[in-house]
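input.cif (mmCIF, C-alpha atoms and all ligand atoms)
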data_data
loop_
_atom_site.group_PDB
_atom_site.id
_atom_site.type_symbol
_atom_site.label_atom_id
_atom_site.label_comp_id
_atom_site.auth_asym_id
_atom_site.auth_seq_id
_atom_site.Cartn_x
_atom_site.Cartn_y
_atom_site.Cartn_z
ATOM 1 C CA MET K 1 34.780 19.263 -12.178
ATOM 2 C CA GLU K 2 36.400 20.929 -9.199
ATOM 3 C CA GLY K 3 38.618 23.197 -11.315
ATOM 4 C CA PRO K 4 42.054 23.166 -12.839
ATOM 5 C CA VAL K 5 44.124 22.366 -9.730
ATOM 6 C CA LEU K 6 42.735 18.871 -9.514
ATOM 7 C CA PHE K 7 43.762 18.093 -13.051
ATOM 8 C CA TYR K 8 47.328 19.251 -12.782
ATOM 9 C CA ASN K 9 48.688 16.279 -10.912
ATOM 10 C CA GLY K 10 46.132 13.784 -12.140
ATOM 11 C CA THR K 11 47.987 10.962 -13.851
ATOM 12 C CA GLU K 12 44.645 9.572 -14.981
ATOM 13 C CA PHE K 13 43.911 12.824 -16.745
ATOM 14 C CA GLU K 14 47.340 12.850 -18.372
ATOM 15 C CA ALA K 15 46.983 9.279 -19.540
ATOM 16 C CA MET K 16 43.527 9.969 -20.886
ATOM 17 C CA PHE K 17 44.753 12.754 -23.135
ATOM 18 C CA HIS K 18 48.111 11.138 -24.012
ATOM 19 C CA LEU K 19 50.056 14.172 -22.884
ATOM 20 C CA PRO K 20 53.552 14.510 -24.328
ATOM 21 C CA ASP K 21 56.726 14.309 -22.266
ATOM 22 C CA PRO K 22 56.664 16.648 -19.199
ATOM 23 C CA THR K 23 59.593 18.727 -20.450
ATOM 24 C CA SER K 24 58.083 19.713 -23.759
ATOM 25 C CA THR K 25 56.486 23.100 -24.300
ATOM 26 C CA LYS K 26 53.919 21.393 -26.475
ATOM 27 C CA ARG K 27 52.694 19.693 -23.320
ATOM 28 C CA ALA K 28 52.238 23.002 -21.492
ATOM 29 C CA VAL K 29 50.305 24.487 -24.375
ATOM 30 C CA LEU K 30 48.104 21.418 -24.582
ATOM 31 C CA LEU K 31 47.405 21.507 -20.848
ATOM 32 C CA VAL K 32 46.347 25.134 -20.955
ATOM 33 C CA ALA K 33 44.092 24.462 -23.914
ATOM 34 C CA LEU K 34 42.481 21.505 -22.125
ATOM 35 C CA LEU K 35 41.945 23.539 -18.976
ATOM 36 C CA LEU K 36 40.296 26.336 -20.912
ATOM 37 C CA MET K 37 38.067 23.842 -22.695
ATOM 38 C CA SER K 38 37.020 22.112 -19.485
ATOM 39 C CA GLY K 39 36.341 25.473 -17.846
ATOM 40 C CA SER K 40 33.922 26.551 -20.506
ATOM 41 C CA ALA K 41 32.264 23.141 -20.738
ATOM 42 C CA PHE K 42 31.485 22.966 -17.025
ATOM 43 C CA ALA K 43 30.467 26.599 -16.611
ATOM 44 C CA ALA K 44 28.144 26.849 -19.615
ATOM 45 C CA ASP K 45 25.916 29.420 -17.921
ATOM 46 C CA PRO K 46 27.103 30.051 -14.390
ATOM 47 C CA ILE K 47 24.303 32.454 -13.453
ATOM 48 C CA GLU K 48 21.618 30.033 -14.585
ATOM 49 C CA GLU K 49 23.379 27.388 -12.470
ATOM 50 C CA LYS K 50 23.516 29.654 -9.430
ATOM 51 C CA ALA K 51 19.890 30.671 -9.879
ATOM 52 C CA LYS K 52 18.843 27.037 -9.367
ATOM 53 C CA ILE K 53 19.159 27.254 -5.581
ATOM 54 C CA CYS K 54 16.672 30.122 -5.597
ATOM 55 C CA THR K 55 13.928 27.873 -6.967
ATOM 56 C CA ALA K 56 13.833 25.993 -3.642
ATOM 57 C CA CYS K 57 11.867 28.902 -2.180
ATOM 58 C CA HIS K 58 11.012 31.284 -5.028
ATOM 59 C CA GLY K 59 9.612 28.429 -7.117
ATOM 60 C CA GLU K 60 10.517 26.453 -10.230
ATOM 61 C CA THR K 61 7.984 28.371 -12.288
ATOM 62 C CA GLY K 62 8.218 31.633 -10.375
ATOM 63 C CA VAL K 63 5.409 30.735 -7.947
ATOM 64 C CA PRO K 64 6.966 30.790 -4.464
ATOM 65 C CA GLN K 65 6.461 27.814 -2.137
ATOM 66 C CA LEU K 66 5.365 29.907 0.841
ATOM 67 C CA LYS K 67 2.811 32.722 0.813
ATOM 68 C CA THR K 68 5.256 34.993 2.638
ATOM 69 C CA THR K 69 7.990 34.534 0.011
ATOM 70 C CA PRO K 70 7.904 37.184 -2.718
ATOM 71 C CA VAL K 71 7.687 36.654 -6.454
ATOM 72 C CA ILE K 72 11.053 37.627 -7.958
ATOM 73 C CA TRP K 73 10.437 36.527 -11.573
ATOM 74 C CA GLY K 74 9.847 39.642 -13.662
ATOM 75 C CA GLN K 75 10.543 41.982 -10.728
ATOM 76 C CA ASN K 76 12.471 45.147 -11.693
ATOM 77 C CA GLU K 77 16.213 44.640 -12.066
ATOM 78 C CA GLY K 78 17.449 47.607 -10.025
ATOM 79 C CA TYR K 79 15.082 46.761 -7.211
ATOM 80 C CA LEU K 80 16.201 43.108 -7.126
ATOM 81 C CA PHE K 81 19.823 44.168 -7.069
ATOM 82 C CA LEU K 82 19.320 46.640 -4.201
ATOM 83 C CA GLN K 83 17.482 44.013 -2.126
ATOM 84 C CA LEU K 84 20.206 41.411 -2.684
ATOM 85 C CA ARG K 85 22.772 44.016 -1.703
ATOM 86 C CA ASP K 86 20.828 44.971 1.462
ATOM 87 C CA LEU K 87 20.118 41.349 2.398
ATOM 88 C CA GLN K 88 23.810 40.612 2.010
ATOM 89 C CA SER K 89 24.980 43.619 4.029
ATOM 90 C CA GLY K 90 22.391 42.997 6.762
ATOM 91 C CA ALA K 91 20.569 46.300 6.192
ATOM 92 C CA ARG K 92 17.549 44.061 5.465
ATOM 93 C CA LYS K 93 17.240 40.868 7.476
ATOM 94 C CA ASN K 94 15.177 37.703 7.087
ATOM 95 C CA GLU K 95 15.821 34.312 8.628
ATOM 96 C CA LEU K 96 15.290 32.438 5.349
ATOM 97 C CA MET K 97 16.815 34.855 2.865
ATOM 98 C CA SER K 98 19.757 36.387 4.773
ATOM 99 C CA PRO K 99 21.778 33.141 5.003
ATOM 100 C CA ILE K 100 21.339 32.640 1.242
ATOM 101 C CA ALA K 101 22.389 36.204 0.429
ATOM 102 C CA ALA K 102 25.471 35.718 2.600
ATOM 103 C CA THR K 103 26.668 32.877 0.343
ATOM 104 C CA LEU K 104 26.442 34.906 -2.877
ATOM 105 C CA ALA K 105 29.482 36.533 -4.461
ATOM 106 C CA LYS K 106 29.194 40.318 -4.796
ATOM 107 C CA GLU K 107 29.830 40.149 -8.515
ATOM 108 C CA ASP K 108 26.894 37.732 -8.960
ATOM 109 C CA LEU K 109 24.259 40.067 -7.483
ATOM 110 C CA LEU K 110 23.709 42.184 -10.588
ATOM 111 C CA PRO K 111 23.706 39.204 -12.996
ATOM 112 C CA LEU K 112 21.211 37.380 -10.725
ATOM 113 C CA ALA K 113 19.005 40.479 -10.644
ATOM 114 C CA GLY K 114 19.211 40.686 -14.435
ATOM 115 C CA TYR K 115 18.439 37.000 -14.834
ATOM 116 C CA PHE K 116 15.287 37.048 -12.697
ATOM 117 C CA SER K 117 14.042 40.390 -14.035
ATOM 118 C CA LYS K 118 13.869 38.894 -17.537
ATOM 119 C CA LEU K 119 11.667 35.950 -16.541
ATOM 120 C CA LYS K 120 7.910 36.273 -16.861
ATOM 121 C CA TRP K 121 6.003 37.365 -13.755
ATOM 122 C CA PRO K 122 3.741 34.425 -12.812
ATOM 123 C CA ASN K 123 -0.016 34.773 -12.523
ATOM 124 C CA LEU K 124 -0.785 33.705 -8.953
ATOM 125 C CA GLN K 125 -4.542 33.685 -9.671
ATOM 126 C CA GLN K 126 -5.244 35.870 -6.675
ATOM 127 C CA PRO K 127 -8.794 37.228 -6.743
ATOM 128 C CA GLU K 128 -9.512 40.856 -7.583
ATOM 129 C CA ALA K 129 -10.362 42.818 -4.420
ATOM 130 C CA PRO K 130 -14.097 43.418 -3.803
ATOM 131 C CA LYS K 131 -15.277 46.955 -4.695
ATOM 132 C CA ASP K 132 -15.325 48.306 -1.136
ATOM 133 C CA VAL K 133 -11.799 47.016 -0.407
ATOM 134 C CA ALA K 134 -10.527 48.391 -3.735
ATOM 135 C CA ALA K 135 -12.063 51.794 -2.989
ATOM 136 C CA LYS K 136 -10.473 51.882 0.457
ATOM 137 C CA ALA K 137 -7.073 50.899 -0.978
ATOM 138 C CA GLN K 138 -7.275 53.416 -3.818
ATOM 139 C CA SER K 139 -8.105 56.225 -1.456
ATOM 140 C CA ALA K 140 -5.217 55.277 0.880
ATOM 141 C CA ALA K 141 -2.878 55.047 -2.107
ATOM 142 C CA ALA K 142 -4.003 58.446 -3.369
ATOM 143 C CA SER K 143 -3.531 60.136 -0.004
ATOM 144 C CA VAL K 144 0.008 58.761 0.474
ATOM 145 C CA GLY K 145 0.847 59.042 -3.222
ATOM 146 C CA CYS K 146 1.998 55.438 -3.801
ATOM 147 C CA PRO K 147 1.659 55.731 -7.604
ATOM 148 C CA GLY K 148 4.099 58.655 -7.512
ATOM 149 C CA CYS K 149 6.849 56.084 -6.965
ATOM 150 C CA HIS K 150 5.327 52.671 -7.792
ATOM 151 C CA LEU K 151 3.661 54.117 -10.921
ATOM 152 C CA HIS K 152 0.120 54.063 -12.149
ATOM 153 C CA HIS K 153 -0.357 50.316 -12.533
ATOM 154 C CA PHE K 154 1.902 49.548 -9.551
ATOM 155 C CA GLN K 155 4.409 48.096 -11.999
ATOM 156 C CA GLY K 156 7.314 50.037 -10.463
ATOM 157 C CA ASP K 157 10.374 50.856 -12.497
ATOM 158 C CA GLY K 158 14.131 50.454 -12.207
ATOM 159 C CA SER K 159 14.900 50.439 -8.520
ATOM 160 C CA THR K 160 11.245 50.689 -7.389
ATOM 161 C CA ALA K 161 9.344 47.486 -6.740
ATOM 162 C CA ARG K 162 6.494 46.115 -8.782
ATOM 163 C CA LEU K 163 3.628 45.531 -6.336
ATOM 164 C CA ALA K 164 0.841 44.447 -8.709
ATOM 165 C CA GLY K 165 0.132 40.714 -8.483
ATOM 166 C CA GLN K 166 2.648 40.173 -5.663
ATOM 167 C CA GLN K 167 1.736 37.602 -3.010
ATOM 168 C CA ARG K 168 -0.899 39.025 -0.719
ATOM 169 C CA GLU K 169 0.564 37.611 2.519
ATOM 170 C CA TYR K 170 4.039 38.785 1.588
ATOM 171 C CA LEU K 171 2.789 42.321 0.829
ATOM 172 C CA GLN K 172 0.972 42.429 4.134
ATOM 173 C CA LYS K 173 3.999 41.112 6.030
ATOM 174 C CA THR K 174 6.579 43.374 4.416
ATOM 175 C CA MET K 175 4.443 46.517 4.860
ATOM 176 C CA VAL K 176 4.051 45.682 8.553
ATOM 177 C CA ASP K 177 7.809 44.975 8.686
ATOM 178 C CA PHE K 178 8.461 48.438 7.201
ATOM 179 C CA ARG K 179 6.068 49.963 9.690
ATOM 180 C CA ASN K 180 7.738 48.486 12.767
ATOM 181 C CA ARG K 181 11.163 48.835 11.109
ATOM 182 C CA THR K 182 11.889 45.090 11.216
ATOM 183 C CA ARG K 183 12.559 45.824 7.557
ATOM 184 C CA GLY K 184 14.902 48.723 8.108
ATOM 185 C CA ASN K 185 16.540 49.188 4.740
ATOM 186 C CA ASN K 186 14.349 52.061 3.607
ATOM 187 C CA PRO K 187 13.366 54.558 6.316
ATOM 188 C CA GLY K 188 11.296 56.533 3.791
ATOM 189 C CA MET K 189 9.004 53.543 3.143
ATOM 190 C CA SER K 190 8.803 52.966 6.907
ATOM 191 C CA ASP K 191 7.640 56.560 7.440
ATOM 192 C CA LEU K 192 5.000 56.160 4.710
ATOM 193 C CA MET K 193 3.744 52.904 6.215
ATOM 194 C CA ASN K 194 3.474 54.592 9.590
ATOM 195 C CA ALA K 195 1.370 57.288 7.964
ATOM 196 C CA THR K 196 -1.044 54.570 6.757
ATOM 197 C CA SER K 197 -3.566 52.912 9.099
ATOM 198 C CA SER K 198 -3.270 49.192 9.638
ATOM 199 C CA ASP K 199 -6.757 48.732 8.151
ATOM 200 C CA ASP K 200 -5.634 50.531 5.023
ATOM 201 C CA LEU K 201 -2.513 48.347 4.795
ATOM 202 C CA THR K 202 -4.654 45.219 4.809
ATOM 203 C CA ALA K 203 -6.889 46.680 2.090
ATOM 204 C CA LEU K 204 -3.808 47.683 0.053
ATOM 205 C CA ALA K 205 -2.326 44.170 0.283
ATOM 206 C CA GLU K 206 -5.562 42.584 -0.952
ATOM 207 C CA TYR K 207 -6.017 45.172 -3.698
ATOM 208 C CA LEU K 208 -2.417 45.085 -4.991
ATOM 209 C CA ALA K 209 -2.291 41.267 -4.934
ATOM 210 C CA GLY K 210 -5.390 41.067 -7.144
ATOM 211 C CA LEU K 211 -4.157 43.457 -9.859
ATOM 212 C CA GLN K 212 -3.502 41.925 -13.292
ATOM 213 C CA ILE K 213 -1.313 44.267 -15.312
ATOM 214 C CA ASP K 214 0.092 42.165 -18.167
ATOM 215 C CA GLN K 215 -1.696 44.313 -20.741
ATOM 216 C CA TYR K 216 0.123 47.457 -19.562
ATOM 217 C CA LEU K 217 3.648 46.034 -19.612
ATOM 218 C CA GLY K 218 6.232 46.593 -22.316
ATOM 219 C CA SER K 219 7.866 43.802 -24.265
ATOM 220 C CA GLU K 220 10.827 43.637 -21.850
ATOM 221 C CA HIS K 221 8.513 41.876 -19.400
ATOM 222 C CA ARG K 222 7.072 39.555 -22.063
HETATM 223 C C1 LIG K 301 15.313 29.327 1.956
HETATM 224 C C2 LIG K 301 14.367 30.048 1.118
HETATM 225 C C3 LIG K 301 14.939 31.027 0.119
HETATM 226 C C4 LIG K 301 15.903 30.809 -0.848
HETATM 227 C C5 LIG K 301 16.644 29.521 -1.156
HETATM 228 C C6 LIG K 301 16.042 32.062 -1.561
HETATM 229 N N1 LIG K 301 15.189 33.005 -1.058
HETATM 230 FE FE1 LIG K 301 15.038 34.935 -1.643
HETATM 231 N N2 LIG K 301 13.665 35.290 -0.201
HETATM 232 C C7 LIG K 301 13.146 34.355 0.674
HETATM 233 C C8 LIG K 301 12.197 34.985 1.576
HETATM 234 C C9 LIG K 301 11.384 34.315 2.655
HETATM 235 C C10 LIG K 301 12.172 36.360 1.235
HETATM 236 C C11 LIG K 301 11.359 37.470 1.913
HETATM 237 C C12 LIG K 301 12.227 38.178 2.921
HETATM 238 C C13 LIG K 301 11.452 39.127 3.793
HETATM 239 O O1 LIG K 301 10.299 38.850 4.124
HETATM 240 O O2 LIG K 301 12.019 40.184 4.132
HETATM 241 C C14 LIG K 301 13.103 36.507 0.114
HETATM 242 C C15 LIG K 301 13.346 37.723 -0.523
HETATM 243 C C16 LIG K 301 14.138 37.860 -1.655
HETATM 244 C C17 LIG K 301 14.307 39.095 -2.374
HETATM 245 C C18 LIG K 301 13.621 40.426 -2.079
HETATM 246 C C19 LIG K 301 12.372 40.510 -2.956
HETATM 247 C C20 LIG K 301 11.459 41.659 -2.655
HETATM 248 O O3 LIG K 301 10.371 41.724 -3.278
HETATM 249 O O4 LIG K 301 11.784 42.493 -1.814
HETATM 250 C C21 LIG K 301 15.148 38.823 -3.418
HETATM 251 C C22 LIG K 301 15.634 39.806 -4.470
HETATM 252 C C23 LIG K 301 15.508 37.428 -3.336
HETATM 253 N N3 LIG K 301 14.871 36.866 -2.244
HETATM 254 C C24 LIG K 301 16.341 36.786 -4.235
HETATM 255 C C25 LIG K 301 16.771 35.461 -4.105
HETATM 256 C C26 LIG K 301 17.750 34.852 -4.957
HETATM 257 C C27 LIG K 301 18.413 35.511 -6.149
HETATM 258 C C28 LIG K 301 17.941 33.584 -4.488
HETATM 259 C C29 LIG K 301 18.914 32.533 -4.983
HETATM 260 C C30 LIG K 301 20.307 32.946 -5.032
HETATM 261 C C31 LIG K 301 17.056 33.406 -3.347
HETATM 262 N N4 LIG K 301 16.363 34.573 -3.153
HETATM 263 C C32 LIG K 301 16.939 32.253 -2.609
HETATM 264 C C33 LIG K 301 13.489 33.015 0.711
HETATM 265 C C34 LIG K 301 14.491 32.413 -0.037
HETATM 266 C C1 LIG K 302 8.632 58.210 -2.274
HETATM 267 C C2 LIG K 302 8.494 57.019 -3.071
HETATM 268 C C3 LIG K 302 7.550 55.948 -2.564
HETATM 269 C C4 LIG K 302 6.231 56.064 -2.205
HETATM 270 C C5 LIG K 302 5.374 57.308 -2.199
HETATM 271 C C6 LIG K 302 5.789 54.722 -1.856
HETATM 272 N N1 LIG K 302 6.818 53.830 -2.004
HETATM 273 FE FE1 LIG K 302 6.736 51.855 -1.582
HETATM 274 N N2 LIG K 302 8.705 51.676 -2.030
HETATM 275 C C7 LIG K 302 9.517 52.706 -2.444
HETATM 276 C C8 LIG K 302 10.864 52.215 -2.575
HETATM 277 C C9 LIG K 302 12.078 53.007 -3.042
HETATM 278 C C10 LIG K 302 10.828 50.849 -2.204
HETATM 279 C C11 LIG K 302 12.013 49.887 -2.093
HETATM 280 C C12 LIG K 302 12.514 50.022 -0.684
HETATM 281 C C13 LIG K 302 13.738 49.210 -0.415
HETATM 282 O O1 LIG K 302 14.804 49.578 -0.908
HETATM 283 O O2 LIG K 302 13.612 48.214 0.295
HETATM 284 C C14 LIG K 302 9.455 50.562 -1.858
HETATM 285 C C15 LIG K 302 9.013 49.308 -1.446
HETATM 286 C C16 LIG K 302 7.698 48.990 -1.211
HETATM 287 C C17 LIG K 302 7.216 47.657 -0.910
HETATM 288 C C18 LIG K 302 8.045 46.401 -0.819
HETATM 289 C C19 LIG K 302 7.956 45.635 -2.119
HETATM 290 C C20 LIG K 302 8.614 44.292 -2.033
HETATM 291 O O3 LIG K 302 8.635 43.575 -3.041
HETATM 292 O O4 LIG K 302 9.113 43.928 -0.966
HETATM 293 C C21 LIG K 302 5.866 47.752 -0.752
HETATM 294 C C22 LIG K 302 4.912 46.620 -0.452
HETATM 295 C C23 LIG K 302 5.508 49.140 -0.963
HETATM 296 N N3 LIG K 302 6.641 49.868 -1.241
HETATM 297 C C24 LIG K 302 4.216 49.628 -0.889
HETATM 298 C C25 LIG K 302 3.895 50.975 -0.979
HETATM 299 C C26 LIG K 302 2.561 51.480 -0.781
HETATM 300 C C27 LIG K 302 1.335 50.627 -0.543
HETATM 301 C C28 LIG K 302 2.648 52.843 -0.894
HETATM 302 C C29 LIG K 302 1.560 53.862 -0.655
HETATM 303 C C30 LIG K 302 0.805 53.692 0.592
HETATM 304 C C31 LIG K 302 4.040 53.160 -1.182
HETATM 305 N N4 LIG K 302 4.762 51.989 -1.217
HETATM 306 C C32 LIG K 302 4.519 54.418 -1.410
HETATM 307 C C33 LIG K 302 9.138 53.997 -2.707
HETATM 308 C C34 LIG K 302 7.904 54.540 -2.423
#
Reformat the file's structure so that it appears as structure tokens.
Ligand code: HEC
Ligand code: HEC
Amino acid sequence: MEGPVLFYNGTEFEAMFHLPDPTSTKRAVLLVALLLMSGSAFAADPIEEKAKICTACHGETGVPQLKTTPVIWGQNEGYLFLQLRDLQSGARKNELMSPIAATLAKEDLLPLAGYFSKLKWPNLQQPEAPKDVAAKAQSAAASVGCPGCHLHHFQGDGSTARLAGQQREYLQKTMVDFRNRTRGNNPGMSDLMNATSSDDLTALAEYLAGLQIDQYLGSEHR
């Protein structure tokens, strides 16, 4: 299971497959064929395998274990990729997520983003914001122009995050992180959060968390 090198000198392996005499070319060809076969058998879907460690925090069914861990199932692909890149480079830091990002291979970031973006966003059953909170949030959103980037239903697109139905505590935390630049990977978002009162941020987190937008999504989000 550890890869080809282990097999090369394994007499057990050789005996098992009745390999011909070491000097024959037939033997070399057979070895290569066996190695190729074993490679594909053990790495049936490497990204799906690698994505398994993510479930420890982001959830087996897309519902994260902690309220301050974001939903990544069904999040936009470009956005997921950029966050993995920033968490890996250290431009964005988090004590739980940074050590994980550090272990990922660069070439796996885009496939992981693609993998999670195609899963269905979970319904966290967060309550719809009361009318007064919704009105406060909508007016704050209109004055800063959030829908200009996060789009009308807060579904985001490409490299912009979906906010609708995200965990309320996570939204609150990450907006405050942007504001005090603990989350420093997007100075533009930090400036916008600083232009928003802390009362409005709390209303926005409650409002965005309670939005159900399945009916507005295209088939790519299932
Ligand atoms: C030990 C827990 C843990 C594990 C395991 C983990 N994550 Fe995370 N992840 C987090 C936390 C917590 C955050 C929020 C970071 C913050 O608040 O800035 C996060 C944030 C993210 C984000 C940013 C999402 C957003 O909305 O900005 C992405 C993308 C992500 N994780 C992908 C992954 C992938 C892919 C894996 C598996 C390879 C993984 N995570 C494994 C805890 C974890
Ligand atoms: C000019 C475009 C723009 C506007 C306007 C904007 N955003 Fe953003 N927002 C972004 C981008 C781009 C990101 C991703 C930043 C990054 O790379 O980390 C983001 C990220 C976020 C995140 C983090 C999502 C996550 O999963 O971690 C939240 C929350 C957010 N925005 C809320 C808002 C709110 C609320 C408003 C209005 C008050 C707003 N944004 C206005 C562009 C914008």
Per-axis box centre and lengths in Å around ligand LIG 302 (chain K), 6 Å margin per side, axis-aligned, as lines of an AutoDock Vina configuration file:
center_x = 7.8
center_y = 50.9
center_z = -1.2
size_x = 26.0
size_y = 26.6
size_z = 15.7
Name all residues at most 10 Å from stretch 95-100 of chain K (count all atoms listed in the file; drop same-chain ones fewer than 5 positions away) and give them as a count of residues only. 10
By how many Å are atom C26 of ligand LIG 302 (chain K) and atom CA of K:Cys146 apart? 5.0 Å
Expected selection as an NGL selection string for ligand LIG 302 (chain K) within 9 Å, all atoms listed in the file: :K and (70-72 or 75 or 79-80 or 82-83 or 86 or 92 or 137 or 140-150 or 154 or 156 or 159-163 or 166 or 170-175 or 178 or 183-190 or 192-193 or 195-196 or 200-201 or 204-205 or 208)
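Between atom C14 of ligand LIG 301 (chain K) and atom CA of K:Leu104 there is a distance of 13.8 Å.
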Quick one, how far is atom CA of K:Pro111 from atom CA of K:Ile47? 6.8 Å
Just want the 12 Å neighbourhood of K:Trp73, counted on only C-alpha atoms, with same-chain residues fewer than 5 positions away dropped. Output as a ChimeraX atom specification. /K:51,54-55,58-64,80,112-124,162,165-166,221-222
Which of K:Glu49, K:Asp108, K:Thr202, K:Gln65 sits closest to K:Lys136 [using only C-alpha atoms]: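 Of all the options, K:Thr202 lies closest to K:Lys136.
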Of the residues K:Asp177, K:Asp157, K:Glu107, K:Asp45, which is the one nearest to ligand LIG 301 (chain K), using only C-alpha atoms and all ligand atoms? K:Asp177
Find the residue from K:Glu206, K:Ala102, K:Gly74, K:Arg179 that sits nearest to K:Ala135; use only C-alpha atoms when measuring. K:Glu206
Using only C-alpha atoms and all ligand atoms, find the one residue out of K:Ser198, K:Gln138, K:Thr182, K:Gln125 that sits nearest to ligand LIG 301 (chain K).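 For ligand LIG 301 (chain K), the nearest of the given residues is K:Thr182.
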